[in-house]
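J.: Provided herewith is a single structure, encoded as structure tokens, for subsequent inquiry.
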Amino acid sequence: MKATFNVTFILHRAKMRSDGNAPILGRIIVNGQMAHFSTKCFCNPDNWVSADNRTDGKTAEGRQTNKTLQEFVGSVQRYYYDMQASGEPISAAKLKAKMFCTDVRQQSLRGTCTEFITEYDNMHKLSGYGEESLRRYKLIVRRLDEFLQDVYHTNDILLSDIDRKFFEKFYVWLRTEHNIGNNTSIKLVQKVITIYRFATDKGWVNGRPYLKMRMHFDKVDRGYLTEDEIQRIYNKEFATPRLEAIRDVFVFSCYTGLAYIDVQELTKANIVTWPDGSQWIQTKRHKTQVEVNVPLLEIPKMILKKYEGKCKGDALLPIPTNQKCNNYLKEIADVCGITKNLTFHMARHTFATTVTLANGVPIESVSKMLGHTNIITTQIYARITNQKIQNDMQNLSAKIEKAGEEPAPLPPSAAEQKIVANRTRAIEWARSHGCMS
């Protein structure tokens, strides 16, 4: 579409000088967006003709001012037609920047992304965590490059050119061109917003165009395994050692709640024996560096013993790449007759839902073992299962039935037993002396 374009001038009466003259401001308008610039010209309000955007020209000074204003119009028009001929995206802010030779490199989206990635990478190196987030931000930059080429036909865009429609178009592009789901697309848009806010904090751009966006996450029922499915996997005999090893590592995670990277980094130093003789896993989540303490149940203990001394270095379990793990788990699911999309992270969901919450473990304890800093995060993983509901209702039914029965008589107290004994002896004495029949 051809851009709508105009250059006008206004008398800034609010900035009236002591000599009675007011500054003349230039206004560039492109597609309804405006950018103002100073002309360094002044005019008395009595000599300004608003309808013509110029002075009345009755004085030599006024005629020179009109000539200067016309030169501004010609300059802006030349830049406009040059940008239009090259197919470059046109905006009022970009025209102003070109006209005044403003260095806009740091005000571009691509330059902002580069600066953001650099600072985030430095923070990652200092803190030692955030590697996964860094990887995702780099992915976002690649997606933005593709998006700008596909939709805007350019390699870069000024931050001042970004409006609400930019974010909405990016969301639609992710959904249509990459077939990405709603929730994932929203998260990617949110990361672009984070980069935009980074530019705002730096003072490179003003405004928050993303605030008017209306995005809603779809409710997702995160998959987990039932107790029966866990037992089917655990008791299955596999012909190949690689499937057996992945099965063992997966089941270990089902009973500890550790994520893939945390299981991979587990060493002998993370197994601690407490004074009461119980063994615990003491580690920090790779993702957030939050401390995690998980008691070892019998099944994970047996799995650790099975691979004791059989792994490289200090590693406790044989675990390949996450991609290989998930590929092997697909084979395991087929062999065990499980139709769910089995992934390694499902073990963490299973720990939260089937192993702990369904067996009455308080959600506060589950949250602590999962290494969550907010219990709301735990509620995403942990669902009340139908089995748990059934057990709770059976317990309630038993209590109601017991409450409906006649209460059994209480045994006599010691004082009551003494009174009865004394009365019995008195009756026997009276009978033996003929005092009563």
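Note on naming: chains are A, B, ... as they come in the structure tokens, residues start from 1 per chain, ligands start from 1 in the order shown.
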Using DSSP assignments from the backbone, pull out every residue in segment 213-406 of chain A that falls under helix (DSSP H, G or I) and give it to me as a ChimeraX atom specification.

T.: /A:227-235,241-254,260-264,268-270,298-306,322-336,346-359,363-370,375-381,386-404

J.: The selected residues should be written to file as a CSV table (one decimal), in the first residue's frame (atoms: C-alpha atoms).

T.:
chain,number,residue,atom,x,y,z
A,227,GLU,CA,0.4,-45.7,38.6
A,228,ASP,CA,-0.5,-48.6,36.3
A,229,GLU,CA,1.5,-47.0,33.4
A,230,ILE,CA,4.5,-46.4,35.6
A,231,GLN,CA,4.5,-50.1,36.7
A,232,ARG,CA,4.1,-51.3,33.1
A,233,ILE,CA,7.2,-49.4,32.0
A,234,TYR,CA,9.1,-50.4,35.2
A,235,ASN,CA,8.3,-54.1,34.9
A,241,PRO,CA,20.3,-52.2,26.7
A,242,ARG,CA,19.7,-48.6,25.5
A,243,LEU,CA,16.0,-48.8,26.0
A,244,GLU,CA,16.5,-50.4,29.4
A,245,ALA,CA,18.8,-47.6,30.5
A,246,ILE,CA,16.5,-44.9,29.3
A,247,ARG,CA,13.6,-46.6,31.0
A,248,ASP,CA,15.5,-46.7,34.3
A,249,VAL,CA,16.5,-43.0,34.1
A,250,PHE,CA,12.9,-42.0,33.2
A,251,VAL,CA,11.5,-44.0,36.1
A,252,PHE,CA,14.1,-42.5,38.4
A,253,SER,CA,12.9,-39.0,37.4
A,254,CYS,CA,9.2,-40.1,38.0
A,260,TYR,CA,16.4,-33.9,32.4
A,261,ILE,CA,19.4,-31.5,32.9
A,262,ASP,CA,19.3,-32.0,36.6
A,263,VAL,CA,19.4,-35.8,36.3
A,264,GLN,CA,22.3,-35.5,33.8
A,268,LYS,CA,27.8,-38.8,44.0
A,269,ALA,CA,28.2,-35.6,45.8
A,270,ASN,CA,24.5,-34.9,45.5
A,298,GLU,CA,13.3,-47.5,47.3
A,299,ILE,CA,12.8,-47.6,43.5
A,300,PRO,CA,15.3,-44.8,42.7
A,301,LYS,CA,17.7,-46.3,45.3
A,302,MET,CA,17.7,-49.6,43.4
A,303,ILE,CA,18.2,-47.8,40.1
A,304,LEU,CA,21.2,-45.9,41.5
A,305,LYS,CA,22.7,-49.1,42.9
A,306,LYS,CA,22.2,-50.9,39.5
A,322,ASN,CA,17.5,-35.0,25.6
A,323,GLN,CA,16.6,-35.5,21.9
A,324,LYS,CA,17.8,-39.2,22.0
A,325,CYS,CA,16.0,-39.7,25.3
A,326,ASN,CA,12.7,-38.5,23.9
A,327,ASN,CA,13.2,-40.6,20.7
A,328,TYR,CA,13.8,-43.7,22.8
A,329,LEU,CA,10.9,-43.0,25.1
A,330,LYS,CA,8.6,-43.0,22.0
A,331,GLU,CA,9.8,-46.6,21.4
A,332,ILE,CA,9.2,-47.5,25.0
A,333,ALA,CA,5.7,-46.1,24.9
A,334,ASP,CA,4.9,-48.3,21.8
A,335,VAL,CA,6.4,-51.4,23.4
A,336,CYS,CA,4.4,-50.9,26.6
A,346,MET,CA,6.5,-36.0,31.6
A,347,ALA,CA,8.3,-37.8,34.4
A,348,ARG,CA,8.4,-34.5,36.3
A,349,HIS,CA,4.6,-34.1,35.8
A,350,THR,CA,4.1,-37.7,37.0
A,351,PHE,CA,6.1,-37.1,40.1
A,352,ALA,CA,4.0,-34.0,41.0
A,353,THR,CA,0.6,-35.7,40.2
A,354,THR,CA,0.7,-39.4,40.5
A,355,VAL,CA,3.6,-40.1,42.9
A,356,THR,CA,3.1,-37.3,45.4
A,357,LEU,CA,-0.2,-35.3,45.3
A,358,ALA,CA,-2.4,-38.3,44.6
A,359,ASN,CA,-0.8,-40.0,47.6
A,363,ILE,CA,1.3,-29.3,47.6
A,364,GLU,CA,3.6,-27.1,49.7
A,365,SER,CA,6.0,-30.1,50.1
A,366,VAL,CA,5.6,-31.0,46.4
A,367,SER,CA,6.5,-27.4,45.5
A,368,LYS,CA,9.6,-27.5,47.6
A,369,MET,CA,10.8,-30.8,46.1
A,370,LEU,CA,10.2,-29.5,42.6
A,375,ILE,CA,3.4,-22.5,44.6
A,376,ILE,CA,1.3,-21.2,41.6
A,377,THR,CA,3.9,-22.8,39.3
A,378,THR,CA,3.4,-26.1,41.1
A,379,GLN,CA,-0.3,-25.9,40.5
A,380,ILE,CA,0.4,-26.1,36.7
A,381,TYR,CA,2.0,-29.5,37.2
A,386,ASN,CA,-9.6,-39.3,39.5
A,387,GLN,CA,-8.1,-42.0,41.8
A,388,LYS,CA,-7.4,-39.4,44.5
A,389,ILE,CA,-11.0,-38.1,44.2
A,390,GLN,CA,-12.3,-41.6,44.5
A,391,ASN,CA,-10.1,-42.4,47.6
A,392,ASP,CA,-11.1,-39.1,49.3
A,393,MET,CA,-14.8,-39.7,48.7
A,394,GLN,CA,-14.6,-43.3,50.0
A,395,ASN,CA,-13.0,-42.0,53.2
A,396,LEU,CA,-15.7,-39.4,53.5
A,397,SER,CA,-18.4,-42.1,52.9
A,398,ALA,CA,-16.9,-44.3,55.6
A,399,LYS,CA,-16.9,-41.4,58.1
A,400,ILE,CA,-20.6,-40.6,57.3
A,401,GLU,CA,-21.6,-44.2,57.7
A,402,LYS,CA,-19.7,-44.5,61.0
A,403,ALA,CA,-21.4,-41.3,62.3
A,404,GLY,CA,-24.8,-42.8,61.5

J.: DSSP on the backbone: which residues in segment 37-72 of chain A end up as strand (DSSP E or B)? Give the answer as JSON, numbers by chain.

T.: {"A": [37, 38, 39, 40, 41, 42, 43, 48, 49, 54, 55]}

J.: Which neighbours of Met215 of chain A fall inside 12 Å, counting only C-alpha atoms, when residues of the same chain fewer than 4 positions from it are skipped, and could you give them as a list of chain:residue names?

T.: A:Phe167, A:Glu168, A:Tyr171, A:Val172, A:Asn182, A:Asn183, A:Thr184, A:Ser185, A:Ile186, A:Lys187, A:Leu188, A:Val189, A:Gln190, A:Tyr210, A:Leu211

J.: Where does segment 231-262 of chain A meet segment 272-296 of chain A within 9 Å, residue by residue, with the nearest atom pair and distance in Å to one decimal for each, counting only C-alpha atoms, listed by chain and rising number, as CSV?

T.:
residue,atom,partner,partner_atom,distance
A:Tyr255,CA,A:Leu296,CA,8.0
A:Thr256,CA,A:Val294,CA,6.5
A:Gly257,CA,A:Val294,CA,8.3
A:Leu258,CA,A:Arg285,CA,8.3
A:Ala259,CA,A:Arg285,CA,8.3
A:Ile261,CA,A:His286,CA,6.8
A:Asp262,CA,A:His286,CA,6.1

J.: Would you write out those residues with C-alpha atoms, as a short mmCIF file (atom, residue, chain, number, x, y, z; two decimals), in the first residue's frame?

T.:
data_model
loop_
_atom_site.label_atom_id
_atom_site.label_comp_id
_atom_site.auth_asym_id
_atom_site.auth_seq_id
_atom_site.Cartn_x
_atom_site.Cartn_y
_atom_site.Cartn_z
CA TYR A 255 10.12 -40.83 41.64
CA THR A 256 12.38 -37.80 42.20
CA GLY A 257 10.82 -35.04 40.06
CA LEU A 258 14.17 -33.97 38.61
CA ALA A 259 14.25 -32.42 35.13
CA ILE A 261 19.37 -31.52 32.85
CA ASP A 262 19.31 -32.02 36.64
#

J.: Which residues, written as a list in words, have at least one atom at most 10 Å from Met99 of chain A, with only C-alpha atoms counted and residues fewer than 4 positions away on the same chain left out?

T.: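 Returned residues: Phe37, Phe72, Ser75, Val76, Gln77, Arg78, Tyr79, Tyr80, Ala93, Lys94 and Leu95 of chain A.
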
J.: Save out the residues we just selected, N, CA and C atoms, as a short mmCIF file (atom, residue, chain, number, x, y, z; two decimals), in the first residue's frame.

T.:
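Okay, this is what ended up in result19.cif:
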data_model
loop_
_atom_site.label_atom_id
_atom_site.label_comp_id
_atom_site.auth_asym_id
_atom_site.auth_seq_id
_atom_site.Cartn_x
_atom_site.Cartn_y
_atom_site.Cartn_z
N PHE A 37 9.84 18.52 14.22
CA PHE A 37 11.23 18.98 14.20
C PHE A 37 11.27 20.50 14.29
N PHE A 72 12.63 23.03 3.62
CA PHE A 72 12.39 21.87 4.48
C PHE A 72 11.45 20.89 3.79
N SER A 75 13.29 19.02 1.10
CA SER A 75 14.24 18.05 1.65
C SER A 75 13.53 16.79 2.12
N VAL A 76 12.43 16.96 2.84
CA VAL A 76 11.68 15.79 3.34
C VAL A 76 11.12 14.98 2.16
N GLN A 77 10.63 15.68 1.14
CA GLN A 77 10.06 14.99 -0.02
C GLN A 77 11.10 14.16 -0.74
N ARG A 78 12.33 14.70 -0.89
CA ARG A 78 13.39 13.95 -1.57
C ARG A 78 13.69 12.64 -0.83
N TYR A 79 13.80 12.72 0.51
CA TYR A 79 14.06 11.50 1.29
C TYR A 79 12.89 10.52 1.18
N TYR A 80 11.70 11.08 1.14
CA TYR A 80 10.51 10.23 1.04
C TYR A 80 10.51 9.45 -0.28
N ALA A 93 9.26 9.09 11.77
CA ALA A 93 10.49 9.16 12.57
C ALA A 93 11.73 8.89 11.72
N LYS A 94 11.60 7.95 10.75
CA LYS A 94 12.74 7.63 9.92
C LYS A 94 13.07 8.79 8.97
N LEU A 95 12.06 9.44 8.44
CA LEU A 95 12.28 10.61 7.59
C LEU A 95 12.98 11.73 8.36
#

J.: Could you work out how far atom CA of Phe147 of chain A lies from atom CA of Gly87 of chain A, giving the answer in Å with one decimal?

T.: 16.4 Å

J.: Could you work out how far atom CA of Val141 of chain A lies from atom CA of Ser160 of chain A, giving the answer in Å with one decimal?

T.: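 Atom CA of Val141 of chain A lies at a distance of 18.2 Å from atom CA of Ser160 of chain A.
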